[in-house]
Every structure is written in structure tokens, then in C-alpha cells.
$ cat upload-v9.cif   # mmCIF, C-alpha atoms and all ligand atoms
data_final
loop_
_atom_site.label_atom_id
_atom_site.label_comp_id
_atom_site.auth_asym_id
_atom_site.auth_seq_id
_atom_site.Cartn_x
_atom_site.Cartn_y
_atom_site.Cartn_z
CA MET A 497 13.56 -11.70 -7.72
CA GLY A 498 13.70 -14.87 -9.77
CA GLY A 499 13.41 -13.78 -13.42
CA VAL A 500 11.88 -11.30 -15.81
CA GLN A 501 8.45 -11.89 -14.36
CA VAL A 502 7.39 -10.77 -10.90
CA ARG A 503 5.08 -13.13 -9.00
CA ALA A 504 3.03 -10.89 -6.74
CA THR A 505 0.74 -11.94 -3.89
CA LEU A 506 -1.67 -9.64 -2.07
CA LEU A 507 -2.80 -10.80 1.38
CA GLN A 508 -6.26 -9.33 1.91
CA ILE A 509 -6.37 -10.10 5.60
CA GLU A 510 -9.52 -9.81 7.74
CA VAL A 511 -9.26 -7.27 10.54
CA ASP A 512 -11.65 -8.40 13.26
CA PRO A 513 -11.67 -6.59 16.63
CA ALA A 514 -12.30 -9.94 18.36
CA GLU A 515 -8.76 -11.00 17.36
CA THR A 516 -5.86 -9.33 19.19
CA ALA A 517 -3.17 -7.54 17.22
CA ALA A 518 -0.66 -10.12 18.49
CA ASP A 519 -2.79 -13.01 17.19
CA ARG A 520 -3.28 -11.23 13.85
CA ARG A 521 0.50 -10.72 13.58
CA ARG A 522 1.04 -14.45 14.08
CA ARG A 523 -1.62 -15.26 11.47
CA ALA A 524 -0.19 -12.75 8.97
CA ALA A 525 3.33 -14.09 9.49
CA ALA A 526 2.11 -17.64 8.74
CA LEU A 527 0.36 -16.37 5.59
CA VAL A 528 3.57 -14.65 4.46
CA ARG A 529 5.62 -17.81 5.11
CA ALA A 530 3.16 -19.76 2.96
CA GLN A 531 4.05 -17.51 0.00
CA ALA A 532 7.60 -18.87 -0.46
CA GLY A 533 8.15 -18.85 -4.22
CA ALA A 534 6.53 -15.46 -4.72
CA ASP A 535 8.73 -12.45 -5.49
CA LEU A 536 6.69 -9.73 -3.83
CA VAL A 537 4.06 -10.07 -1.07
CA VAL A 538 1.83 -7.17 0.01
CA LEU A 539 -0.26 -6.66 3.16
CA PRO A 540 -2.86 -3.89 3.72
CA GLU A 541 -2.88 -0.59 5.62
CA LEU A 542 -2.82 -0.66 9.44
CA TRP A 543 -3.87 -4.33 9.56
CA PRO A 544 -2.54 -4.90 13.13
CA VAL A 545 -4.94 -2.30 14.58
CA GLY A 546 -7.53 -1.47 11.86
CA ALA A 547 -7.41 1.66 9.70
CA PHE A 548 -10.59 3.09 11.28
CA ALA A 549 -9.85 2.00 14.88
CA ALA A 550 -8.58 5.47 15.81
CA ASP A 551 -9.28 4.96 19.52
CA ASP A 552 -6.63 2.22 19.53
CA PHE A 553 -3.93 4.02 17.55
CA ALA A 554 -1.96 5.30 20.56
CA LYS A 555 -2.22 1.96 22.40
CA GLU A 556 -1.01 -0.06 19.40
CA ALA A 557 1.72 2.41 18.33
CA GLU A 558 5.14 0.87 17.76
CA ARG A 559 8.61 1.61 16.46
CA ALA A 560 8.91 1.22 12.70
CA GLY A 561 12.28 -0.52 12.80
CA ASP A 562 11.96 -2.99 15.66
CA GLY A 563 8.39 -2.94 16.93
CA PRO A 564 6.38 -6.18 17.17
CA THR A 565 5.07 -5.92 13.59
CA ALA A 566 8.52 -5.17 12.16
CA GLU A 567 10.06 -8.09 14.05
CA ALA A 568 7.35 -10.55 12.99
CA MET A 569 7.37 -9.40 9.36
CA SER A 570 11.15 -9.32 9.07
CA ALA A 571 11.34 -12.96 10.21
CA ALA A 572 8.49 -13.99 7.89
CA ALA A 573 10.07 -12.23 4.85
CA ARG A 574 13.38 -13.95 5.57
CA ASP A 575 11.80 -17.39 6.06
CA ALA A 576 9.78 -17.07 2.85
CA GLY A 577 12.64 -15.40 0.94
CA VAL A 578 10.33 -12.72 -0.49
CA TRP A 579 10.24 -8.97 -0.81
CA LEU A 580 7.53 -8.05 1.69
CA HIS A 581 5.56 -4.83 1.66
CA ALA A 582 4.20 -5.41 5.16
CA GLY A 583 1.41 -2.83 4.84
CA SER A 584 1.49 -0.09 7.44
CA VAL A 585 1.68 0.28 11.21
CA VAL A 586 0.98 3.07 13.66
CA GLU A 587 4.51 4.34 14.13
CA ARG A 588 5.51 6.52 17.07
CA ASP A 589 8.63 8.57 16.47
CA PRO A 590 10.64 9.43 18.45
CA TRP A 591 9.85 6.62 20.86
CA PRO A 592 8.15 6.79 23.38
CA ASP A 593 6.75 10.35 23.29
CA GLY A 594 6.84 11.45 19.65
CA GLN A 595 4.22 11.85 16.92
CA LEU A 596 2.15 9.10 15.37
CA TYR A 597 2.54 8.27 11.68
CA ASN A 598 0.87 5.78 9.36
CA THR A 599 4.07 4.10 8.18
CA SER A 600 4.55 1.39 5.57
CA LEU A 601 7.40 -1.11 5.92
CA LEU A 602 9.22 -2.80 3.03
CA PHE A 603 11.45 -5.78 3.86
CA ALA A 604 14.05 -7.43 1.63
CA PRO A 605 14.20 -11.23 1.26
CA ASP A 606 16.96 -11.40 3.89
CA GLY A 607 14.60 -9.78 6.42
CA ALA A 608 16.32 -6.37 6.41
CA LEU A 609 14.04 -3.32 6.57
CA HIS A 610 14.69 -1.84 3.11
CA THR A 611 12.61 1.32 3.31
CA THR A 612 9.66 2.99 5.03
CA TYR A 613 6.98 5.37 3.75
CA ARG A 614 4.91 7.69 5.94
CA LYS A 615 1.44 8.23 4.47
CA ILE A 616 1.28 11.79 3.18
CA HIS A 617 -2.47 12.42 2.95
CA ARG A 618 -4.26 11.68 6.24
CA PHE A 619 -7.89 10.60 6.06
CA GLY A 620 -10.74 11.80 8.30
CA PHE A 621 -11.01 15.55 7.65
CA ASP A 622 -11.31 16.82 11.25
CA ARG A 623 -11.32 13.40 12.94
CA GLY A 624 -9.38 10.14 13.35
CA GLU A 625 -6.13 9.77 11.46
CA ALA A 626 -6.28 13.38 10.21
CA VAL A 627 -5.97 14.76 13.74
CA LEU A 628 -4.15 11.94 15.54
CA MET A 629 -1.32 11.40 13.09
CA ALA A 630 1.29 13.54 11.43
CA GLY A 631 1.69 13.32 7.66
CA GLY A 632 4.77 12.17 5.81
CA SER A 633 6.74 14.63 3.72
CA HIS A 634 8.71 12.42 1.34
CA ILE A 635 7.94 10.63 -1.90
CA VAL A 636 9.36 7.12 -1.56
CA THR A 637 10.43 4.65 -4.23
CA ALA A 638 12.38 1.41 -3.83
CA ALA A 639 14.53 -0.14 -6.54
CA LEU A 640 13.99 -3.91 -6.53
CA PRO A 641 15.99 -6.17 -8.85
CA HIS A 642 13.56 -5.94 -11.79
CA ALA A 643 11.34 -2.98 -11.04
CA VAL A 644 11.09 0.26 -9.12
CA LEU A 645 8.24 0.31 -6.60
CA GLY A 646 6.40 3.54 -5.82
CA LEU A 647 4.80 3.63 -2.37
CA ALA A 648 1.45 5.21 -1.46
CA THR A 649 -1.25 4.43 1.12
CA CYS A 650 -5.06 4.31 0.82
CA TYR A 651 -6.40 7.92 0.82
CA ASP A 652 -3.26 8.90 -1.14
CA LEU A 653 -5.07 7.29 -4.10
CA ARG A 654 -7.20 10.42 -4.39
CA PHE A 655 -4.15 12.63 -5.03
CA PRO A 656 -2.84 12.00 -8.56
CA GLU A 657 0.00 14.51 -8.12
CA LEU A 658 1.64 12.13 -5.62
CA PHE A 659 1.56 9.36 -8.23
CA ARG A 660 3.06 11.71 -10.83
CA GLY A 661 5.85 12.29 -8.33
CA LEU A 662 6.35 8.52 -8.05
CA LEU A 663 6.29 8.20 -11.85
CA ASP A 664 8.89 10.95 -12.19
CA ALA A 665 11.03 9.16 -9.58
CA GLY A 666 11.06 6.07 -11.83
CA ALA A 667 8.28 3.87 -10.42
CA GLY A 668 6.78 1.17 -12.64
CA ILE A 669 4.87 -0.74 -9.93
CA LEU A 670 2.72 1.35 -7.58
CA VAL A 671 1.97 -0.41 -4.29
CA VAL A 672 -1.03 0.83 -2.32
CA PRO A 673 -1.96 -0.82 0.97
CA ALA A 674 -5.41 0.29 2.10
CA GLY A 675 -8.22 0.00 4.61
CA TRP A 676 -10.96 1.20 2.23
CA PRO A 677 -14.59 1.18 3.38
CA ALA A 678 -17.22 -0.85 1.52
CA ARG A 679 -19.45 2.18 1.09
CA ARG A 680 -16.92 3.77 -1.30
CA LEU A 681 -16.02 0.61 -3.23
CA ALA A 682 -17.00 2.30 -6.52
CA HIS A 683 -14.43 5.07 -5.91
CA TRP A 684 -11.75 2.51 -5.05
CA ARG A 685 -12.14 0.53 -8.27
CA VAL A 686 -12.11 3.62 -10.47
CA LEU A 687 -9.20 5.30 -8.66
CA VAL A 688 -7.01 2.16 -8.68
CA GLN A 689 -7.58 1.71 -12.40
CA ALA A 690 -7.10 5.43 -13.11
CA ARG A 691 -3.72 5.56 -11.34
CA ALA A 692 -2.60 2.60 -13.50
CA ILE A 693 -3.85 4.08 -16.77
CA GLU A 694 -2.61 7.63 -16.28
CA ASN A 695 0.86 6.54 -15.13
CA GLN A 696 1.10 3.47 -17.40
CA ALA A 697 2.20 1.47 -14.37
CA TYR A 698 1.15 -1.64 -12.51
CA VAL A 699 -0.94 -0.94 -9.41
CA LEU A 700 -1.03 -3.45 -6.56
CA ALA A 701 -3.80 -2.26 -4.26
CA CYS A 702 -4.28 -4.41 -1.15
CA GLY A 703 -7.24 -3.74 1.16
CA THR A 704 -8.61 -5.37 4.29
CA ALA A 705 -11.65 -7.59 4.82
CA GLY A 706 -13.93 -7.55 7.88
CA THR A 707 -15.46 -4.76 9.94
CA HIS A 708 -13.51 -2.70 12.43
CA ALA A 709 -14.65 0.32 14.46
CA GLY A 710 -18.06 -0.33 12.89
CA VAL A 711 -16.78 0.29 9.34
CA PRO A 712 -17.33 -2.62 6.92
CA GLN A 713 -14.29 -2.94 4.67
CA ALA A 714 -14.46 -3.20 0.90
CA GLY A 715 -11.87 -5.89 0.34
CA HIS A 716 -11.64 -6.05 -3.48
CA SER A 717 -7.86 -5.89 -3.59
CA MET A 718 -6.78 -5.37 -7.17
CA VAL A 719 -3.87 -5.90 -9.51
CA VAL A 720 -4.08 -3.65 -12.57
CA ASP A 721 -1.60 -3.61 -15.45
CA PRO A 722 -0.13 -0.53 -17.22
CA TRP A 723 -2.89 -0.63 -19.85
CA GLY A 724 -5.55 -0.52 -17.13
CA THR A 725 -6.56 -4.17 -17.42
CA VAL A 726 -7.62 -5.73 -14.12
CA LEU A 727 -5.44 -8.84 -13.84
CA ALA A 728 -6.91 -10.00 -10.53
CA GLU A 729 -9.54 -8.78 -8.10
CA ALA A 730 -10.54 -10.20 -4.72
CA GLY A 731 -14.02 -10.47 -3.28
CA PRO A 732 -15.01 -8.91 0.06
CA GLY A 733 -13.63 -11.63 2.40
CA GLU A 734 -10.16 -12.69 3.47
CA GLU A 735 -8.30 -13.81 0.35
CA VAL A 736 -4.88 -14.48 -1.10
CA LEU A 737 -4.71 -12.82 -4.53
CA THR A 738 -1.93 -13.63 -6.99
CA ALA A 739 -0.83 -12.20 -10.32
CA THR A 740 2.25 -12.34 -12.51
CA LEU A 741 3.70 -9.00 -13.61
CA ASP A 742 5.95 -8.36 -16.58
CA PRO A 743 8.08 -5.26 -15.89
CA ASP A 744 8.83 -4.98 -19.65
CA LEU A 745 5.13 -4.23 -20.18
CA VAL A 746 5.64 -0.90 -18.40
CA THR A 747 8.34 0.10 -20.88
CA SER A 748 6.49 -1.19 -23.94
CA THR A 749 3.17 0.42 -22.96
CA ARG A 750 4.94 3.75 -22.44
CA SER A 751 6.68 3.57 -25.83
CA ASP A 752 3.80 2.06 -27.86
CA PHE A 753 1.22 4.57 -26.54
CA PRO A 754 3.43 7.49 -25.51
CA VAL A 755 0.96 9.76 -23.71
CA LEU A 756 3.46 10.56 -20.97
CA ARG A 757 5.61 12.26 -23.62
CA ASP A 758 2.75 14.72 -24.22
CA ARG A 759 2.58 16.07 -20.67
CA VAL A 760 2.52 19.87 -20.56
CA LEU A 761 4.01 21.07 -17.29
CA GLY A 762 4.28 24.43 -15.56
CA LEU A 763 1.54 26.33 -17.43
CA PRO A 764 1.10 29.84 -15.99
CA PRO A 765 -2.37 30.77 -14.62
CA VAL A 766 -4.51 33.17 -16.68
CA SER A 767 -4.99 36.36 -14.70
N1 LIG B 1 -7.82 4.67 5.38
C1 LIG B 1 -8.09 5.56 4.45
O1 LIG B 1 -7.22 6.28 4.00
C2 LIG B 1 -9.51 5.60 3.97
C3 LIG B 1 -9.69 6.44 2.72
C4 LIG B 1 -11.11 6.53 2.33
O2 LIG B 1 -11.99 6.00 2.96
C5 LIG B 1 -11.46 7.31 1.13
O3 LIG B 1 -10.58 7.94 0.53
O4 LIG B 1 -12.65 7.30 0.75
#
$ encode --input "upload-v9.cif" --output "C-alpha cells" --more "lines below"
Ligand SMILES: NC(=O)CCC(=O)C(=O)O
Amino acid sequence: MGGVQVRATLLQIEVDPAETAADRRRRAAALVRAQAGADLVVLPELWPVGAFAADDFAKEAERAGDGPTAEAMSAAARDAGVWLHAGSVVERDPWPDGQLYNTSLLFAPDGALHTTYRKIHRFGFDRGEAVLMAGGSHIVTAALPHAVLGLATCYDLRFPELFRGLLDAGAGILVVPAGWPARRLAHWRVLVQARAIENQAYVLACGTAGTHAGVPQAGHSMVVDPWGTVLAEAGPGEEVLTATLDPDLVTSTRSDFPVLRDRVLGLPPVS
């Protein structure tokens, strides 16, 4: 990254079933290339296929390391010279007969795959992702030059204990790709802000626009600072959202208003 400040860009891409995944990959790669000069670029959850397009998950499954999305995003990150959180893909592992996972991909500015995160909490209760995919079992952080990223995906937002795990692992910027439905926009806005306030961390929450599998998407990607202030918020349509982050604000917020010091852990239950 270039300096003390982190120039972040969220690509709130439209997921339209009339566009093929291959065409959307090309479009996303061009959008990433246009962000040269940013430090960190973020794409949403399952944007090649659509987070609710469960019937297409198996067909669009790919390898995390060298599938079509990884190859396109690696080249785009390298060409733009940015850290790229490329959102998530339907990963099949082992290839070609293994389980499906909802797996996020983080690329370094030289195009190398830096780390992956398999979504831990699967959405759908007894349907869709919850039955078609396996859940991840690891908390994942990534140390970038000026900040530690903590990775989570969409429905994970509802599980504050995961974010406490990311906090305890050193994260100061929480990155949350999503495919959040419009009908629960109110939950999204409150949860994104709450995760920032309670962990005194930046939250970069990048959703999709459009309607897929009949589910209108909320859009409203958000960048929230460690005090809970919304620095930037998208509308419902496709949009490029930018914000400048100051990693020192994480440290100063935590020392000036030291609530995290007052955590009380491991209380025994009353019997
Ligand atoms: N893709 C998702 O994880 C959707 C989550 C959601 O709709 C919700 O938590 O509400």
C-alpha cells in the first residue's frame, strides 16, 4: 500500500441472470483494472453465479486457486497493482468430486493468491447454501502492509462471536462481501454498523445490485469507521464506492474509548 492511508474501493456489481458468468468476469476484471491507484478493492459474495442462485452452484463451481474467477481476478489485481478481495466463488474441493464451499479469494498486487476464507455460517436454514455447501472451520486474517484484514461473508454478519475472533486475531479492517436481499436492508445497515462499533474496526461491506433467482438485492454497500460513522454508502444499483481509511484511527479509537479493555470473558453459568 502507498502510505498511511488506505484508499479502498468497493465494486457493487450487478448480478443479472441474463449475463453469463464469463461475461460478468470480464466486466468485473475491467472494473478492477480501472481502480489502479487504489490500495484495496473489494467485490461481493458469489458475484459470478449469484448468492441466491442455488440451482447453478454445482454448474458454476470452480477451483479456488486456478478456476476461471481466480485466473481473471489474479490478472486484474496484477494489472491494477492493488490488493484485491475478489469476493467469493463456489469452490469445489477436492476437484472434481469434492464438497462445495463459499470461498473468498484475496489477491496481492502481484497477482498471487494471498489467502482464502471459507464462509463459516451458511445461509438458508434447510435450503440452498445451507444444504448444498459445507461450512468453513477457520478464522482468517491477512496482514497487509498497513493493516490486518479480518475476513467474513454475508450471513456471518449475524454472528458477533466470529468478529470477536477476528478482533482477537488482530484485525482492524473487517471485509464482508455479501449478496444481501433488499427485504432485509434494515438488518444489513444495523449489523454492519454494529460490527464496526463493537469491535472498533473499519467495516468494508460490499453487496450486489440486481435481482437473481427472483431475489432483489439490497446493494447499499457500506464503509463504516471504528467509531461507527458511515463514511460511504451506495444506493441500490451498480456502483463504485470509494473511501479513504486511516489505520491509526483503529488504534486511537481503541485507546481513547477503551471499551475493549472492559470485556469480561469466561463467566460461568448460574445453575
Ligand atoms: N447470502 C447470505 O448469506 C444472505 C444472508 C441473509 O439474507 C441474511 O442474513 O438475512
$ atom_distance --input "upload-v9.cif" --atom1 "atom CA of Gly666 of chain A" --atom2 "atom CA of Val537 of chain A"
20.6 Å
$ residues_near_point --input "upload-v9.cif" --point "(1.4, -10.9, 17.6)" --cutoff "12 Å" --atoms "only C-alpha atoms" --output "list of chain:residue names"
A:Glu515, A:Thr516, A:Ala517, A:Ala518, A:Asp519, A:Arg520, A:Arg521, A:Arg522, A:Arg523, A:Ala524, A:Ala525, A:Ala526, A:Trp543, A:Pro544, A:Val545, A:Glu556, A:Gly563, A:Pro564, A:Thr565, A:Ala566, A:Glu567, A:Ala568, A:Met569
$ residues_around --input "upload-v9.cif" --residues "segment 614-621 of chain A" --least-positions-apart "6" --cutoff "8 Å" --atoms "all atoms listed in the file" --output "VMD selection string"
chain A and resid 597 to 600 627 629 to 634 648 to 649 651 to 652
$ residues_near_point --input "upload-v9.cif" --point "(-15.4, -7.3, 9.4)" --cutoff "7 Å" --atoms "all atoms listed in the file" --output "VMD selection string"
chain A and resid 510 to 512 705 to 708 712 to 713
$ residues_around --input "upload-v9.cif" --residues "Leu727 of chain A" --least-positions-apart "3" --cutoff "9 Å" --atoms "only C-alpha atoms" --output "ChimeraX atom specification"
/A:718-721,724,739-740
$ closest_atom_pairs --input "upload-v9.cif" --of "chain A" --to "ligand LIG 1 (chain B)" --cutoff "10 Å" --atoms "all atoms listed in the file" --output "JSON lines"
{"residue": "A:Glu541", "atom": "CA", "partner": "B:LIG1", "partner_atom": "N1", "distance": 7.2}
{"residue": "A:Leu542", "atom": "CA", "partner": "B:LIG1", "partner_atom": "N1", "distance": 8.4}
{"residue": "A:Gly546", "atom": "CA", "partner": "B:LIG1", "partner_atom": "N1", "distance": 8.9}
{"residue": "A:Ala547", "atom": "CA", "partner": "B:LIG1", "partner_atom": "N1", "distance": 5.3}
{"residue": "A:Phe548", "atom": "CA", "partner": "B:LIG1", "partner_atom": "N1", "distance": 6.7}
{"residue": "A:Asn598", "atom": "CA", "partner": "B:LIG1", "partner_atom": "N1", "distance": 9.6}
{"residue": "A:Lys615", "atom": "CA", "partner": "B:LIG1", "partner_atom": "O1", "distance": 8.9}
{"residue": "A:His617", "atom": "CA", "partner": "B:LIG1", "partner_atom": "O1", "distance": 7.8}
{"residue": "A:Arg618", "atom": "CA", "partner": "B:LIG1", "partner_atom": "O1", "distance": 6.6}
{"residue": "A:Phe619", "atom": "CA", "partner": "B:LIG1", "partner_atom": "O1", "distance": 4.8}
{"residue": "A:Gly620", "atom": "CA", "partner": "B:LIG1", "partner_atom": "C2", "distance": 7.7}
{"residue": "A:Gly624", "atom": "CA", "partner": "B:LIG1", "partner_atom": "N1", "distance": 9.8}
{"residue": "A:Glu625", "atom": "CA", "partner": "B:LIG1", "partner_atom": "N1", "distance": 8.1}
{"residue": "A:Ala626", "atom": "CA", "partner": "B:LIG1", "partner_atom": "O1", "distance": 9.5}
{"residue": "A:Thr649", "atom": "CA", "partner": "B:LIG1", "partner_atom": "O1", "distance": 6.9}
{"residue": "A:Cys650", "atom": "CA", "partner": "B:LIG1", "partner_atom": "O1", "distance": 4.3}
{"residue": "A:Tyr651", "atom": "CA", "partner": "B:LIG1", "partner_atom": "O1", "distance": 3.7}
{"residue": "A:Asp652", "atom": "CA", "partner": "B:LIG1", "partner_atom": "O1", "distance": 7.0}
{"residue": "A:Leu653", "atom": "CA", "partner": "B:LIG1", "partner_atom": "O3", "distance": 7.2}
{"residue": "A:Arg654", "atom": "CA", "partner": "B:LIG1", "partner_atom": "O3", "distance": 6.5}
{"residue": "A:Phe655", "atom": "CA", "partner": "B:LIG1", "partner_atom": "O3", "distance": 9.7}
{"residue": "A:Pro673", "atom": "CA", "partner": "B:LIG1", "partner_atom": "N1", "distance": 9.2}
{"residue": "A:Ala674", "atom": "CA", "partner": "B:LIG1", "partner_atom": "N1", "distance": 6.0}
{"residue": "A:Gly675", "atom": "CA", "partner": "B:LIG1", "partner_atom": "N1", "distance": 4.7}
{"residue": "A:Trp676", "atom": "CA", "partner": "B:LIG1", "partner_atom": "C2", "distance": 4.9}
{"residue": "A:Pro677", "atom": "CA", "partner": "B:LIG1", "partner_atom": "O2", "distance": 5.5}
{"residue": "A:Ala678", "atom": "CA", "partner": "B:LIG1", "partner_atom": "O2", "distance": 8.7}
{"residue": "A:Arg679", "atom": "CA", "partner": "B:LIG1", "partner_atom": "O4", "distance": 8.5}
{"residue": "A:Arg680", "atom": "CA", "partner": "B:LIG1", "partner_atom": "O4", "distance": 5.9}
{"residue": "A:Leu681", "atom": "CA", "partner": "B:LIG1", "partner_atom": "O4", "distance": 8.5}
{"residue": "A:Ala682", "atom": "CA", "partner": "B:LIG1", "partner_atom": "O4", "distance": 9.8}
{"residue": "A:His683", "atom": "CA", "partner": "B:LIG1", "partner_atom": "O4", "distance": 7.2}
{"residue": "A:Trp684", "atom": "CA", "partner": "B:LIG1", "partner_atom": "O4", "distance": 7.6}
{"residue": "A:Leu687", "atom": "CA", "partner": "B:LIG1", "partner_atom": "O3", "distance": 9.7}
{"residue": "A:Gly703", "atom": "CA", "partner": "B:LIG1", "partner_atom": "N1", "distance": 9.4}
{"residue": "A:Val711", "atom": "CA", "partner": "B:LIG1", "partner_atom": "O2", "distance": 9.8}
{"residue": "A:Gln713", "atom": "CA", "partner": "B:LIG1", "partner_atom": "O2", "distance": 9.4}
{"residue": "A:Ala714", "atom": "CA", "partner": "B:LIG1", "partner_atom": "O2", "distance": 9.7}
$ closest_atom_pairs --input "upload-v9.cif" --of "segment 648-683 of chain A" --to "segment 741-756 of chain A" --cutoff "10 Å" --atoms "all atoms listed in the file" --output "CSV"
residue,atom,partner,partner_atom,distance
A:Leu663,CA,A:Leu756,CA,9.8
A:Ala667,CA,A:Val746,CA,9.7
A:Gly668,CA,A:Val746,CA,6.2
A:Ile669,CA,A:Pro743,CA,8.1
$ closest_residue --input "upload-v9.cif" --among "A:Gln696, A:Asp606, A:Val736, A:Leu647" --to "Val528 of chain A" --atoms "only C-alpha atoms"
A:Val736
$ residues_around --input "upload-v9.cif" --residues "Ala576 of chain A" --least-positions-apart "6" --cutoff "8 Å" --atoms "all atoms listed in the file" --output "PyMOL selection string"
chain A and resi 528-533+605
$ closest_residue --input "upload-v9.cif" --among "A:Gly731, A:Ala582, A:Thr725, A:Val500" --to "Ala690 of chain A" --atoms "all atoms listed in the file"
A:Thr725
$ residues_around --input "upload-v9.cif" --residues "Val671 of chain A" --least-positions-apart "4" --cutoff "9 Å" --atoms "only C-alpha atoms" --output "list in words"
Val538, His581, Leu645, Gly646, Leu647, Ala648, Thr649, Tyr698, Val699, Leu700, Ala701 and Cys702 of chain A
$ closest_residue --input "upload-v9.cif" --among "A:Leu670, A:Leu596, A:Ala608, A:Leu506" --to "Val688 of chain A" --atoms "all atoms listed in the file"
A:Leu670
$ closest_residue --input "upload-v9.cif" --among "A:Gly710, A:Pro764, A:Gly733, A:Gly607" --to "Ser570 of chain A" --atoms "only C-alpha atoms"
A:Gly607
$ atom_distance --input "upload-v9.cif" --atom1 "atom CA of Pro722 of chain A" --atom2 "atom CA of Ala692 of chain A"
5.5 Å
$ atom_distance --input "upload-v9.cif" --atom1 "atom CA of Ala514 of chain A" --atom2 "atom CA of Gly583 of chain A"
20.5 Å
$ build_atoms --input "upload-v9.cif" --residues "segment 710-723 of chain A" --atoms "N, CA, C and O atoms" --output "PDB file, keeping the file's coordinate frame"
ATOM      1  N   GLY A 710     -16.735  -0.482  13.489  1.00  0.00           N
ATOM      2  CA  GLY A 710     -18.060  -0.330  12.890  1.00  0.00           C
ATOM      3  C   GLY A 710     -18.036   0.003  11.406  1.00  0.00           C
ATOM      4  O   GLY A 710     -19.081   0.325  10.831  1.00  0.00           O
ATOM      5  N   VAL A 711     -16.878  -0.079  10.768  1.00  0.00           N
ATOM      6  CA  VAL A 711     -16.780   0.290   9.340  1.00  0.00           C
ATOM      7  C   VAL A 711     -16.521  -0.973   8.503  1.00  0.00           C
ATOM      8  O   VAL A 711     -15.402  -1.500   8.496  1.00  0.00           O
ATOM      9  N   PRO A 712     -17.545  -1.452   7.792  1.00  0.00           N
ATOM     10  CA  PRO A 712     -17.330  -2.620   6.920  1.00  0.00           C
ATOM     11  C   PRO A 712     -16.317  -2.277   5.830  1.00  0.00           C
ATOM     12  O   PRO A 712     -16.395  -1.219   5.202  1.00  0.00           O
ATOM     13  N   GLN A 713     -15.356  -3.197   5.637  1.00  0.00           N
ATOM     14  CA  GLN A 713     -14.290  -2.940   4.670  1.00  0.00           C
ATOM     15  C   GLN A 713     -14.650  -3.485   3.288  1.00  0.00           C
ATOM     16  O   GLN A 713     -15.371  -4.484   3.153  1.00  0.00           O
ATOM     17  N   ALA A 714     -14.106  -2.850   2.280  1.00  0.00           N
ATOM     18  CA  ALA A 714     -14.460  -3.200   0.900  1.00  0.00           C
ATOM     19  C   ALA A 714     -13.812  -4.494   0.441  1.00  0.00           C
ATOM     20  O   ALA A 714     -14.357  -5.187  -0.423  1.00  0.00           O
ATOM     21  N   GLY A 715     -12.618  -4.804   0.973  1.00  0.00           N
ATOM     22  CA  GLY A 715     -11.870  -5.890   0.340  1.00  0.00           C
ATOM     23  C   GLY A 715     -11.539  -5.470  -1.082  1.00  0.00           C
ATOM     24  O   GLY A 715     -11.057  -4.372  -1.322  1.00  0.00           O
ATOM     25  N   HIS A 716     -11.838  -6.365  -2.057  1.00  0.00           N
ATOM     26  CA  HIS A 716     -11.640  -6.050  -3.480  1.00  0.00           C
ATOM     27  C   HIS A 716     -10.234  -5.531  -3.790  1.00  0.00           C
ATOM     28  O   HIS A 716     -10.060  -4.559  -4.539  1.00  0.00           O
ATOM     29  N   SER A 717      -9.234  -6.184  -3.192  1.00  0.00           N
ATOM     30  CA  SER A 717      -7.860  -5.890  -3.590  1.00  0.00           C
ATOM     31  C   SER A 717      -7.744  -6.104  -5.091  1.00  0.00           C
ATOM     32  O   SER A 717      -8.433  -6.963  -5.661  1.00  0.00           O
ATOM     33  N   MET A 718      -6.863  -5.320  -5.712  1.00  0.00           N
ATOM     34  CA  MET A 718      -6.780  -5.370  -7.170  1.00  0.00           C
ATOM     35  C   MET A 718      -5.344  -5.335  -7.658  1.00  0.00           C
ATOM     36  O   MET A 718      -4.496  -4.673  -7.065  1.00  0.00           O
ATOM     37  N   VAL A 719      -5.121  -6.036  -8.765  1.00  0.00           N
ATOM     38  CA  VAL A 719      -3.870  -5.900  -9.510  1.00  0.00           C
ATOM     39  C   VAL A 719      -4.248  -5.428 -10.907  1.00  0.00           C
ATOM     40  O   VAL A 719      -5.019  -6.085 -11.609  1.00  0.00           O
ATOM     41  N   VAL A 720      -3.742  -4.257 -11.273  1.00  0.00           N
ATOM     42  CA  VAL A 720      -4.080  -3.650 -12.570  1.00  0.00           C
ATOM     43  C   VAL A 720      -2.790  -3.446 -13.347  1.00  0.00           C
ATOM     44  O   VAL A 720      -1.778  -3.027 -12.783  1.00  0.00           O
ATOM     45  N   ASP A 721      -2.830  -3.729 -14.657  1.00  0.00           N
ATOM     46  CA  ASP A 721      -1.600  -3.610 -15.450  1.00  0.00           C
ATOM     47  C   ASP A 721      -1.481  -2.205 -16.053  1.00  0.00           C
ATOM     48  O   ASP A 721      -2.399  -1.387 -15.920  1.00  0.00           O
ATOM     49  N   PRO A 722      -0.355  -1.907 -16.741  1.00  0.00           N
ATOM     50  CA  PRO A 722      -0.130  -0.530 -17.220  1.00  0.00           C
ATOM     51  C   PRO A 722      -1.119  -0.071 -18.288  1.00  0.00           C
ATOM     52  O   PRO A 722      -1.196   1.118 -18.600  1.00  0.00           O
ATOM     53  N   TRP A 723      -1.860  -0.994 -18.872  1.00  0.00           N
ATOM     54  CA  TRP A 723      -2.890  -0.630 -19.850  1.00  0.00           C
ATOM     55  C   TRP A 723      -4.231  -0.385 -19.158  1.00  0.00           C
ATOM     56  O   TRP A 723      -5.201   0.056 -19.755  1.00  0.00           O
TER      57      TRP A 723
END
